[in-house]
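Below is structure.pdb, holding PDB, C-alpha atoms (C1' of nucleotides).
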```
ATOM      1  CA  MET A   1      15.057  30.530   6.542
ATOM      2  CA  ASP A   2      12.870  30.831   9.574
ATOM      3  CA  TRP A   3       9.196  30.060   9.492
ATOM      4  CA  ASP A   4       8.025  33.637   9.904
ATOM      5  CA  GLN A   5      10.360  34.752   7.151
ATOM      6  CA  ARG A   6       8.876  32.089   4.911
ATOM      7  CA  LEU A   7       5.472  33.645   5.365
ATOM      8  CA  HIS A   8       6.751  37.153   4.783
ATOM      9  CA  ALA A   9       8.681  36.095   1.713
ATOM     10  CA  ARG A  10       5.462  34.970   0.095
ATOM     11  CA  GLY A  11       3.496  38.018   1.049
ATOM     12  CA  TYR A  12       1.643  36.387   3.928
ATOM     13  CA  ARG A  13       1.276  38.028   7.288
ATOM     14  CA  VAL A  14       2.434  36.564  10.548
ATOM     15  CA  THR A  15      -0.532  36.335  12.894
ATOM     16  CA  PRO A  16      -1.079  34.762  16.300
ATOM     17  CA  GLN A  17      -3.421  32.212  14.729
ATOM     18  CA  ARG A  18      -0.825  31.107  12.196
ATOM     19  CA  THR A  19       1.760  30.880  14.909
ATOM     20  CA  LEU A  20      -0.531  28.741  17.041
ATOM     21  CA  VAL A  21      -1.605  26.429  14.223
ATOM     22  CA  LEU A  22       1.986  25.793  13.189
ATOM     23  CA  ALA A  23       2.948  25.158  16.799
ATOM     24  CA  ALA A  24       0.017  22.747  17.168
ATOM     25  CA  VAL A  25       1.060  20.719  14.139
ATOM     26  CA  ASN A  26       4.637  20.578  15.351
ATOM     27  CA  ASP A  27       3.564  19.608  18.859
ATOM     28  CA  LEU A  28       1.138  16.940  17.718
ATOM     29  CA  GLY A  29       3.414  15.622  14.989
ATOM     30  CA  HIS A  30       0.300  15.000  12.976
ATOM     31  CA  GLY A  31      -3.395  15.722  13.292
ATOM     32  CA  THR A  32      -6.662  16.430  11.537
ATOM     33  CA  PRO A  33      -8.014  19.971  11.284
ATOM     34  CA  GLU A  34     -10.346  19.236  14.208
ATOM     35  CA  GLU A  35      -7.527  17.923  16.357
ATOM     36  CA  ILE A  36      -5.366  20.878  15.496
ATOM     37  CA  LEU A  37      -8.198  23.234  16.371
ATOM     38  CA  ALA A  38      -8.630  21.571  19.751
ATOM     39  CA  ARG A  39      -4.951  22.048  20.465
ATOM     40  CA  VAL A  40      -5.018  25.678  19.383
ATOM     41  CA  GLN A  41      -8.093  26.400  21.470
ATOM     42  CA  VAL A  42      -6.283  25.409  24.647
ATOM     43  CA  GLU A  43      -4.536  28.747  24.346
ATOM     44  CA  ALA A  44      -6.930  30.697  22.165
ATOM     45  CA  PRO A  45     -10.502  29.430  22.566
ATOM     46  CA  LYS A  46     -11.997  31.846  20.067
ATOM     47  CA  VAL A  47     -10.076  30.592  17.059
ATOM     48  CA  ASN A  48     -12.423  29.235  14.421
ATOM     49  CA  LEU A  49     -12.261  26.012  12.413
ATOM     50  CA  SER A  50     -12.371  27.959   9.165
ATOM     51  CA  THR A  51      -9.258  29.800  10.252
ATOM     52  CA  VAL A  52      -7.537  26.466  10.830
ATOM     53  CA  TYR A  53      -8.437  25.332   7.318
ATOM     54  CA  ARG A  54      -7.297  28.580   5.769
ATOM     55  CA  THR A  55      -4.127  28.587   7.813
ATOM     56  CA  LEU A  56      -3.208  25.004   6.970
ATOM     57  CA  GLU A  57      -3.610  25.876   3.306
ATOM     58  CA  VAL A  58      -1.222  28.801   3.705
ATOM     59  CA  LEU A  59       1.289  26.809   5.740
ATOM     60  CA  GLU A  60       1.227  24.055   3.157
ATOM     61  CA  ASP A  61       1.671  26.570   0.385
ATOM     62  CA  VAL A  62       4.865  27.894   1.932
ATOM     63  CA  GLY A  63       6.087  24.394   2.716
ATOM     64  CA  LEU A  64       5.775  24.404   6.487
ATOM     65  CA  VAL A  65       3.314  21.501   6.664
ATOM     66  CA  THR A  66       2.090  18.694   4.410
ATOM     67  CA  HIS A  67      -0.975  16.526   4.486
ATOM     68  CA  ALA A  68      -1.783  12.899   3.850
ATOM     69  CA  HIS A  69      -4.992  10.970   3.332
ATOM     70  CA  LEU A  70      -5.027   8.053   5.701
ATOM     71  CA  GLY A  71      -8.606   6.919   5.475
ATOM     72  CA  HIS A  72     -12.005   7.936   4.301
ATOM     73  CA  GLY A  73     -12.212  10.890   6.634
ATOM     74  CA  SER A  74     -10.302  14.109   7.163
ATOM     75  CA  PRO A  75      -6.744  14.479   5.958
ATOM     76  CA  THR A  76      -3.910  14.453   8.457
ATOM     77  CA  TYR A  77      -1.475  17.349   8.559
ATOM     78  CA  HIS A  78       2.158  16.730   9.326
ATOM     79  CA  SER A  79       5.070  18.784  10.398
ATOM     80  CA  VAL A  80       7.634  18.955   7.604
ATOM     81  CA  ASP A  81      10.303  18.454  10.241
ATOM     82  CA  ASP A  82       9.264  14.828  10.462
ATOM     83  CA  ASP A  83      10.820  12.358   8.063
ATOM     84  CA  VAL A  84       8.544  11.366   5.233
ATOM     85  CA  HIS A  85       6.970   8.038   6.039
ATOM     86  CA  ILE A  86       4.642   5.540   4.460
ATOM     87  CA  HIS A  87       1.320   4.959   6.173
ATOM     88  CA  LEU A  88      -0.029   1.436   6.202
ATOM     89  CA  VAL A  89      -3.725   1.378   7.058
ATOM     90  CA  CYS A  90      -5.404  -1.883   8.008
ATOM     91  CA  ARG A  91      -8.780  -2.443   6.431
ATOM     92  CA  THR A  92      -9.847  -4.709   9.272
ATOM     93  CA  CYS A  93      -8.799  -2.907  12.452
ATOM     94  CA  ASP A  94      -8.251   0.598  11.015
ATOM     95  CA  GLY A  95      -4.840   0.615  12.662
ATOM     96  CA  ILE A  96      -2.094   2.774  11.159
ATOM     97  CA  GLU A  97       1.577   1.897  10.966
ATOM     98  CA  SER A  98       4.216   4.341   9.835
ATOM     99  CA  ILE A  99       7.262   2.890   8.161
ATOM    100  CA  PRO A 100      10.343   4.462   6.576
ATOM    101  CA  VAL A 101      10.313   5.052   2.843
ATOM    102  CA  GLY A 102      13.283   2.756   2.321
ATOM    103  CA  VAL A 103      11.230  -0.321   1.425
ATOM    104  CA  ALA A 104       9.649   1.593  -1.420
ATOM    105  CA  ARG A 105      12.850   2.952  -2.912
ATOM    106  CA  ASP A 106      13.105   0.497  -5.814
ATOM    107  CA  PHE A 107       9.409   0.855  -6.543
ATOM    108  CA  LEU A 108       9.656   4.658  -6.645
ATOM    109  CA  ASP A 109      12.737   4.441  -8.850
ATOM    110  CA  ALA A 110      10.881   2.156 -11.228
ATOM    111  CA  LEU A 111       7.934   4.544 -11.462
ATOM    112  CA  ASP A 112      10.361   7.335 -12.199
ATOM    113  CA  ARG A 113      12.284   5.354 -14.794
ATOM    114  CA  GLU A 114       9.373   3.607 -16.502
ATOM    115  CA  GLN A 115       6.549   6.112 -16.183
ATOM    116  CA  GLY A 116       8.401   9.375 -15.656
ATOM    117  CA  PHE A 117       6.329   9.706 -12.506
ATOM    118  CA  SER A 118       7.676  11.499  -9.445
ATOM    119  CA  THR A 119       5.917   9.944  -6.481
ATOM    120  CA  ASP A 120       4.901  11.550  -3.221
ATOM    121  CA  ILE A 121       4.627   8.296  -1.343
ATOM    122  CA  GLY A 122       3.664   9.969   1.924
ATOM    123  CA  HIS A 123       0.538  11.586   0.523
ATOM    124  CA  MET A 124      -1.781   8.623   0.326
ATOM    125  CA  ALA A 125      -1.939   5.740   2.721
ATOM    126  CA  ILE A 126      -1.452   2.192   1.539
ATOM    127  CA  HIS A 127      -4.380  -0.045   2.395
ATOM    128  CA  GLY A 128      -4.414  -3.703   3.190
ATOM    129  CA  VAL A 129      -4.510  -6.062   6.132
ATOM    130  CA  CYS A 130      -1.986  -5.934   8.941
ATOM    131  CA  ARG A 131      -0.090  -8.872  10.384
ATOM    132  CA  THR A 132      -2.269  -9.203  13.457
ATOM    133  CA  CYS A 133      -5.538  -9.216  11.551
ATOM    134  CA  ARG A 134      -4.182 -11.710   9.035
ATOM    135  CA  GLU A 135      -3.279 -14.063  11.823
ATOM    136  CA  VAL A 136      -6.688 -13.712  13.388
ATOM    137  CA  ALA A 137      -8.283 -14.405  10.025
ATOM    138  CA  ARG A 138      -6.108 -17.467   9.468
ATOM    139  CA  ASP A 139      -7.116 -18.896  12.827
ATOM    140  CA  ASP A 140     -10.786 -18.794  11.955
TER
ATOM    141  CA  MET B   1     -20.954 -18.931  -9.273
ATOM    142  CA  ASP B   2     -23.145 -16.442 -11.079
ATOM    143  CA  TRP B   3     -23.725 -12.955  -9.813
ATOM    144  CA  ASP B   4     -27.349 -13.480  -8.822
ATOM    145  CA  GLN B   5     -26.417 -16.633  -6.974
ATOM    146  CA  ARG B   6     -23.775 -14.678  -5.092
ATOM    147  CA  LEU B   7     -26.447 -12.355  -3.832
ATOM    148  CA  HIS B   8     -28.782 -15.194  -2.894
ATOM    149  CA  ALA B   9     -26.021 -17.092  -1.168
ATOM    150  CA  ARG B  10     -25.513 -14.197   1.204
ATOM    151  CA  GLY B  11     -29.203 -13.661   1.871
ATOM    152  CA  TYR B  12     -29.551 -10.645  -0.404
ATOM    153  CA  ARG B  13     -32.402 -10.300  -2.849
ATOM    154  CA  VAL B  14     -32.045  -9.835  -6.565
ATOM    155  CA  THR B  15     -33.756  -6.634  -7.597
ATOM    156  CA  PRO B  16     -33.909  -4.619 -10.815
ATOM    157  CA  GLN B  17     -31.907  -1.837  -9.161
ATOM    158  CA  ARG B  18     -29.100  -4.183  -8.160
ATOM    159  CA  THR B  19     -29.069  -5.658 -11.623
ATOM    160  CA  LEU B  20     -28.843  -2.226 -13.183
ATOM    161  CA  VAL B  21     -26.143  -0.919 -10.857
ATOM    162  CA  LEU B  22     -23.980  -3.963 -11.467
ATOM    163  CA  ALA B  23     -24.505  -3.647 -15.203
ATOM    164  CA  ALA B  24     -23.609   0.041 -15.035
ATOM    165  CA  VAL B  25     -20.320  -0.649 -13.231
ATOM    166  CA  ASN B  26     -19.450  -3.368 -15.703
ATOM    167  CA  ASP B  27     -20.335  -1.182 -18.679
ATOM    168  CA  LEU B  28     -18.455   1.841 -17.412
ATOM    169  CA  GLY B  29     -15.484  -0.179 -16.176
ATOM    170  CA  HIS B  30     -15.238   2.332 -13.351
ATOM    171  CA  GLY B  31     -17.253   5.242 -12.061
ATOM    172  CA  THR B  32     -18.290   7.337  -9.081
ATOM    173  CA  PRO B  33     -21.683   6.824  -7.455
ATOM    174  CA  GLU B  34     -23.000   9.848  -9.371
ATOM    175  CA  GLU B  35     -21.737   8.528 -12.684
ATOM    176  CA  ILE B  36     -23.188   5.128 -11.977
ATOM    177  CA  LEU B  37     -26.521   6.714 -11.081
ATOM    178  CA  ALA B  38     -26.561   8.637 -14.358
ATOM    179  CA  ARG B  39     -25.981   5.398 -16.259
ATOM    180  CA  VAL B  40     -28.685   3.568 -14.349
ATOM    181  CA  GLN B  41     -31.163   6.384 -14.876
ATOM    182  CA  VAL B  42     -30.940   6.023 -18.632
ATOM    183  CA  GLU B  43     -33.069   2.923 -18.197
ATOM    184  CA  ALA B  44     -34.714   3.615 -14.852
ATOM    185  CA  PRO B  45     -35.001   7.353 -14.186
ATOM    186  CA  LYS B  46     -36.620   6.977 -10.784
ATOM    187  CA  VAL B  47     -33.704   5.189  -9.130
ATOM    188  CA  ASN B  48     -32.313   7.199  -6.247
ATOM    189  CA  LEU B  49     -28.726   8.043  -5.332
ATOM    190  CA  SER B  50     -29.162   6.483  -1.908
ATOM    191  CA  THR B  51     -30.093   3.216  -3.572
ATOM    192  CA  VAL B  52     -26.884   3.371  -5.569
ATOM    193  CA  TYR B  53     -24.848   3.840  -2.396
ATOM    194  CA  ARG B  54     -26.639   1.028  -0.612
ATOM    195  CA  THR B  55     -26.361  -1.231  -3.639
ATOM    196  CA  LEU B  56     -22.655  -0.604  -4.151
ATOM    197  CA  GLU B  57     -22.116  -1.519  -0.521
ATOM    198  CA  VAL B  58     -23.952  -4.806  -1.039
ATOM    199  CA  LEU B  59     -22.178  -5.589  -4.298
ATOM    200  CA  GLU B  60     -18.840  -4.888  -2.677
ATOM    201  CA  ASP B  61     -19.762  -7.076   0.267
ATOM    202  CA  VAL B  62     -20.393 -10.049  -1.987
ATOM    203  CA  GLY B  63     -17.290  -9.327  -4.029
ATOM    204  CA  LEU B  64     -18.868  -8.177  -7.267
ATOM    205  CA  VAL B  65     -17.312  -4.697  -7.223
ATOM    206  CA  THR B  66     -14.443  -2.893  -5.482
ATOM    207  CA  HIS B  67     -13.697   0.740  -4.927
ATOM    208  CA  ALA B  68     -10.629   2.933  -4.981
ATOM    209  CA  HIS B  69      -9.879   6.459  -3.786
ATOM    210  CA  LEU B  70      -8.315   8.383  -6.607
ATOM    211  CA  GLY B  71      -8.445  11.888  -5.282
ATOM    212  CA  HIS B  72     -10.065  14.087  -2.716
ATOM    213  CA  GLY B  73     -13.562  13.454  -4.013
ATOM    214  CA  SER B  74     -15.866  10.506  -4.404
ATOM    215  CA  PRO B  75     -14.519   6.975  -4.568
ATOM    216  CA  THR B  76     -14.469   5.143  -7.880
ATOM    217  CA  TYR B  77     -16.147   1.767  -8.161
ATOM    218  CA  HIS B  78     -14.665  -0.900 -10.371
ATOM    219  CA  SER B  79     -15.841  -4.080 -11.904
ATOM    220  CA  VAL B  80     -13.982  -7.013 -10.371
ATOM    221  CA  ASP B  81     -13.661  -8.438 -13.852
ATOM    222  CA  ASP B  82     -11.035  -5.819 -14.597
ATOM    223  CA  ASP B  83      -7.451  -6.567 -13.709
ATOM    224  CA  VAL B  84      -6.274  -4.837 -10.576
ATOM    225  CA  HIS B  85      -4.278  -1.785 -11.529
ATOM    226  CA  ILE B  86      -2.337   0.971  -9.836
ATOM    227  CA  HIS B  87      -3.667   4.498 -10.215
ATOM    228  CA  LEU B  88      -1.141   7.276 -10.586
ATOM    229  CA  VAL B  89      -2.691  10.678  -9.941
ATOM    230  CA  CYS B  90      -0.852  13.829 -10.939
ATOM    231  CA  ARG B  91      -0.937  16.603  -8.383
ATOM    232  CA  THR B  92      -0.470  19.232 -11.051
ATOM    233  CA  CYS B  93      -2.861  18.289 -13.846
ATOM    234  CA  ASP B  94      -5.122  15.871 -11.914
ATOM    235  CA  GLY B  95      -4.591  13.330 -14.672
ATOM    236  CA  ILE B  96      -4.900   9.646 -13.871
ATOM    237  CA  GLU B  97      -2.797   6.851 -15.337
ATOM    238  CA  SER B  98      -3.537   3.192 -14.751
ATOM    239  CA  ILE B  99      -0.589   0.854 -14.790
ATOM    240  CA  PRO B 100      -0.278  -2.883 -14.192
ATOM    241  CA  VAL B 101       0.672  -4.048 -10.719
ATOM    242  CA  GLY B 102       3.874  -5.662 -11.974
ATOM    243  CA  VAL B 103       6.124  -2.694 -11.138
ATOM    244  CA  ALA B 104       5.034  -2.928  -7.523
ATOM    245  CA  ARG B 105       5.557  -6.663  -7.098
ATOM    246  CA  ASP B 106       8.853  -6.471  -5.213
ATOM    247  CA  PHE B 107       7.555  -3.659  -3.055
ATOM    248  CA  LEU B 108       4.433  -5.620  -2.129
ATOM    249  CA  ASP B 109       6.533  -8.697  -1.408
ATOM    250  CA  ALA B 110       8.759  -6.638   0.863
ATOM    251  CA  LEU B 111       5.789  -5.275   2.794
ATOM    252  CA  ASP B 112       4.522  -8.804   3.215
ATOM    253  CA  ARG B 113       7.902 -10.181   4.295
ATOM    254  CA  GLU B 114       9.043  -7.316   6.500
ATOM    255  CA  GLN B 115       5.782  -5.974   7.929
ATOM    256  CA  GLY B 116       3.440  -8.912   7.534
ATOM    257  CA  PHE B 117       1.224  -6.512   5.621
ATOM    258  CA  SER B 118      -1.031  -7.757   2.822
ATOM    259  CA  THR B 119      -1.445  -4.813   0.487
ATOM    260  CA  ASP B 120      -4.436  -3.885  -1.630
ATOM    261  CA  ILE B 121      -2.456  -1.694  -4.006
ATOM    262  CA  GLY B 122      -5.494  -0.832  -6.098
ATOM    263  CA  HIS B 123      -7.400   0.773  -3.257
ATOM    264  CA  MET B 124      -5.611   4.059  -2.913
ATOM    265  CA  ALA B 125      -4.134   6.090  -5.697
ATOM    266  CA  ILE B 126      -0.479   7.012  -5.703
ATOM    267  CA  HIS B 127       0.103  10.741  -5.887
ATOM    268  CA  GLY B 128       2.902  12.629  -7.484
ATOM    269  CA  VAL B 129       3.751  14.507 -10.640
ATOM    270  CA  CYS B 130       3.435  12.979 -14.089
ATOM    271  CA  ARG B 131       6.055  13.075 -16.824
ATOM    272  CA  THR B 132       4.374  15.835 -18.801
ATOM    273  CA  CYS B 133       3.994  18.152 -15.841
ATOM    274  CA  ARG B 134       7.564  17.545 -14.741
ATOM    275  CA  GLU B 135       8.810  18.532 -18.168
ATOM    276  CA  VAL B 136       6.703  21.659 -18.153
ATOM    277  CA  ALA B 137       8.064  22.514 -14.715
ATOM    278  CA  ARG B 138      11.630  21.925 -15.844
ATOM    279  CA  ASP B 139      11.185  24.276 -18.792
ATOM    280  CA  ASP B 140      10.179  27.170 -16.560
TER
ATOM    281  C1'  DG C   1      -3.957  53.869   6.043
ATOM    282  C1'  DT C   2      -4.611  49.883   3.383
ATOM    283  C1'  DA C   3      -4.817  45.339   2.306
ATOM    284  C1'  DT C   4      -5.021  41.003   4.414
ATOM    285  C1'  DA C   5      -6.747  37.837   8.081
ATOM    286  C1'  DT C   6     -10.312  36.585  11.165
ATOM    287  C1'  DG C   7     -14.833  35.131  13.262
ATOM    288  C1'  DC C   8     -19.214  33.987  12.432
ATOM    289  C1'  DA C   9     -22.910  32.043   9.959
ATOM    290  C1'  DA C  10     -24.542  30.150   6.001
ATOM    291  C1'  DA C  11     -23.966  27.305   1.992
ATOM    292  C1'  DG C  12     -21.941  23.429  -0.300
ATOM    293  C1'  DG C  13     -20.637  18.618  -1.688
ATOM    294  C1'  DG C  14     -20.819  13.949  -0.704
ATOM    295  C1'  DT C  15     -22.803  10.354   2.130
ATOM    296  C1'  DT C  16     -25.945   8.257   5.461
ATOM    297  C1'  DT C  17     -30.294   7.477   7.766
ATOM    298  C1'  DG C  18     -35.506   7.239   9.202
ATOM    299  C1'  DC C  19     -39.566   6.091   7.598
ATOM    300  C1'  DA C  20     -43.597   4.460   5.023
ATOM    301  C1'  DC C  21     -44.478   2.059   0.860
ATOM    302  C1'  DG C  22     -43.563  -1.513  -2.537
ATOM    303  C1'  DG C  23     -41.502  -5.744  -4.215
ATOM    304  C1'  DT C  24     -38.996 -10.313  -3.700
ATOM    305  C1'  DT C  25     -38.999 -14.542  -1.712
TER
ATOM    306  C1'  DA D   1     -47.579 -13.167   4.426
ATOM    307  C1'  DA D   2     -43.141 -11.675   6.058
ATOM    308  C1'  DC D   3     -39.288  -9.303   5.391
ATOM    309  C1'  DC D   4     -36.098  -6.883   2.692
ATOM    310  C1'  DG D   5     -35.295  -3.103  -0.534
ATOM    311  C1'  DT D   6     -36.602   1.354  -2.280
ATOM    312  C1'  DG D   7     -37.726   6.340  -2.864
ATOM    313  C1'  DC D   8     -37.934  10.454  -0.669
ATOM    314  C1'  DA D   9     -36.514  13.910   2.479
ATOM    315  C1'  DA D  10     -33.970  15.166   6.159
ATOM    316  C1'  DA D  11     -29.816  14.823   8.703
ATOM    317  C1'  DC D  12     -24.949  14.383   8.754
ATOM    318  C1'  DC D  13     -19.913  15.374   8.369
ATOM    319  C1'  DC D  14     -16.356  17.875   6.443
ATOM    320  C1'  DT D  15     -15.043  21.859   3.991
ATOM    321  C1'  DT D  16     -15.584  26.286   1.701
ATOM    322  C1'  DT D  17     -17.346  30.912   1.189
ATOM    323  C1'  DG D  18     -19.452  35.805   1.958
ATOM    324  C1'  DC D  19     -19.243  39.431   4.643
ATOM    325  C1'  DA D  20     -18.274  42.845   8.234
ATOM    326  C1'  DT D  21     -14.813  43.646  11.643
ATOM    327  C1'  DA D  22     -10.186  43.534  13.381
ATOM    328  C1'  DT D  23      -5.244  43.621  12.683
ATOM    329  C1'  DA D  24      -0.413  43.273  10.597
ATOM    330  C1'  DC D  25       2.232  45.851   7.884
TER
END
```
Produce structure tokens that represent the structure in this file.
Amino acid sequence: MDWDQRLHARGYRVTPQRTLVLAAVNDLGHGTPEEILARVQVEAPKVNLSTVYRTLEVLEDVGLVTHAHLGHGSPTYHSVDDDVHIHLVCRTCDGIESIPVGVARDFLDALDREQGFSTDIGHMAIHGVCRTCREVARDD
Amino acid sequence: MDWDQRLHARGYRVTPQRTLVLAAVNDLGHGTPEEILARVQVEAPKVNLSTVYRTLEVLEDVGLVTHAHLGHGSPTYHSVDDDVHIHLVCRTCDGIESIPVGVARDFLDALDREQGFSTDIGHMAIHGVCRTCREVARDD
DNA sequence: GTATATGCAAAGGGTTTGCACGGTT
DNA sequence: AACCGTGCAAACCCTTTGCATATAC
């Protein structure tokens, strides 16, 4: 089913703003509401931030985008076309690495088996210290 | 080393507010800045929210408390006396389960081995759907 | 034509900051 | 006595909301 049909199917209207926001997320791969707005405003300068928020909510509702919390700030919206990935955020340098979900497979299976919990591993970042910063710390 | 010595050792002063905030975190086990303030104000009604924020920052700096992000709202501060635990947050009912880190051991080892990443698994909650909500969903 | 979507501006929640006063060292 | 910590109020960032207008259906 095509993206505009997805909106229709749920009773939402297809508007230029929704088209542009979805295109922005797909182009960027991922971005915060502010970043998405900036992208949208290249073509349509009058679009408002509140429209971006409302639109992302709608697009998420119909399954065209998802969001993740990478740090203490704004969430990051992702195209659903991208593979789900785990975000590793370094406490020291604030760097972000994206890795495939494979490493977590056994862990997710265990949560399912032992807790009955179905995990959305892409939704929240995993915090810690990255290789580079650990090495720097060790050298001190 | 005792808690007041930890503060001194880092050049911080020991004040009634810091004493009360630390006691509140230890009493509550965990709590948001607002909840901690409420607890502190039972004994000292004039203490201000900004003092709680500044104090939690200091206490975290000297390693007397830690914080975790459980949802989209305020962070939760924890006593470091508590064992580190993983927070499972249900997307559907917003319920929170705390489980021991054991289940994640292999996963954390793999991140260390393969990515050089040292994970603080307690810092960010893991999102998904809990057993109860999955069963409800299945019955629909 | 009618209900939904939008832009704008204002309000809201949570957090941080500037400043003068007060308290710890 | 010197400096750090505090209370208070204002500022701040991000997000949501109310309302009148515009637009997709």
If we count all atoms listed in the file, which residues of chain A reach to within 10 Å of chain D? Please list them as number ranges by chain.
-> A: 12-15, 33-34, 49-50, 53-54, 73-74
For the provided coordinates, the residues matched by the PyMOL selection byres ((chain A and resi 107) around 12) should be stated as a CSV table (one decimal) with C-alpha atoms, in the coordinates of the input.
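Output below, filename result_35.csv:
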```csv
chain,number,residue,atom,x,y,z
A,101,VAL,CA,10.3,5.1,2.8
A,102,GLY,CA,13.3,2.8,2.3
A,103,VAL,CA,11.2,-0.3,1.4
A,104,ALA,CA,9.6,1.6,-1.4
A,105,ARG,CA,12.8,3.0,-2.9
A,106,ASP,CA,13.1,0.5,-5.8
A,108,LEU,CA,9.7,4.7,-6.6
A,109,ASP,CA,12.7,4.4,-8.8
A,110,ALA,CA,10.9,2.2,-11.2
A,111,LEU,CA,7.9,4.5,-11.5
A,112,ASP,CA,10.4,7.3,-12.2
A,113,ARG,CA,12.3,5.4,-14.8
A,114,GLU,CA,9.4,3.6,-16.5
A,115,GLN,CA,6.5,6.1,-16.2
A,117,PHE,CA,6.3,9.7,-12.5
A,118,SER,CA,7.7,11.5,-9.4
A,119,THR,CA,5.9,9.9,-6.5
A,121,ILE,CA,4.6,8.3,-1.3
B,101,VAL,CA,0.7,-4.0,-10.7
B,102,GLY,CA,3.9,-5.7,-12.0
B,103,VAL,CA,6.1,-2.7,-11.1
B,104,ALA,CA,5.0,-2.9,-7.5
B,105,ARG,CA,5.6,-6.7,-7.1
B,106,ASP,CA,8.9,-6.5,-5.2
B,107,PHE,CA,7.6,-3.7,-3.1
B,108,LEU,CA,4.4,-5.6,-2.1
B,109,ASP,CA,6.5,-8.7,-1.4
B,110,ALA,CA,8.8,-6.6,0.9
B,111,LEU,CA,5.8,-5.3,2.8
B,126,ILE,CA,-0.5,7.0,-5.7
```
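Rounded to one decimal, C1' of DT6 in chain C and CA of Asp81 in chain A lie 27.5 Å from each other.
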Can you list, as a VMD selection string, the residues that the PyMOL selection byres ((chain C) within 9 of (chain A)) selects here?
-> chain C and resid 4 to 8
If you count all atoms listed in the file, which residues fall within 6 Å of range 122-124 of chain A, apart from same-chain ones fewer than 4 positions away, as an MDAnalysis selection string?
-> chainID A and resid 68:69 85:86
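Nearest residue to chain A among B:His72, B:Val42, B:Ala137, B:Ser79 is B:His72, counting only C-alpha atoms.
With CA of Asp83 in chain A on one side and CA of Asp61 in chain A on the other, the separation reads 18.6 Å.
Between CA of Tyr77 in chain A and CA of Thr32 in chain B the separation is 26.3 Å.
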Check the smallest atom-to-atom distance from each of A:Asp139, A:Asp120, A:Leu59, A:Leu88 to Asp4 in chain A using only C-alpha atoms, then report the winner.
-> A:Leu59
Which neighbours of His30 in chain B fall inside 12 Å, counting all atoms listed in the file, when residues of the same chain fewer than 4 positions from it are skipped, and could you give them as number ranges by chain?
-> B: 21-26, 34-36, 39, 65-70, 75-85, 98
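Shortest separation to chain B among A:Val89, A:Asp94, A:Val136, A:Leu56 occurs at residue A:Val89, atoms counted being all atoms listed in the file.
Proximity to chain B was assessed for A:Met1, A:Val40, A:Val58, A:Cys90 counting all atoms listed in the file; the smallest distance is recorded for A:Cys90.
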With 5 Å added on each side, what axis-aligned box encloses every listed atom of range 12-16 of chain C? Give the centre and edge lengths in Å to one decimal, as lines of an AutoDock Vina configuration file.
```
center_x = -23.3
center_y = 15.8
center_z = 1.9
size_x = 15.3
size_y = 25.2
size_z = 17.1
```
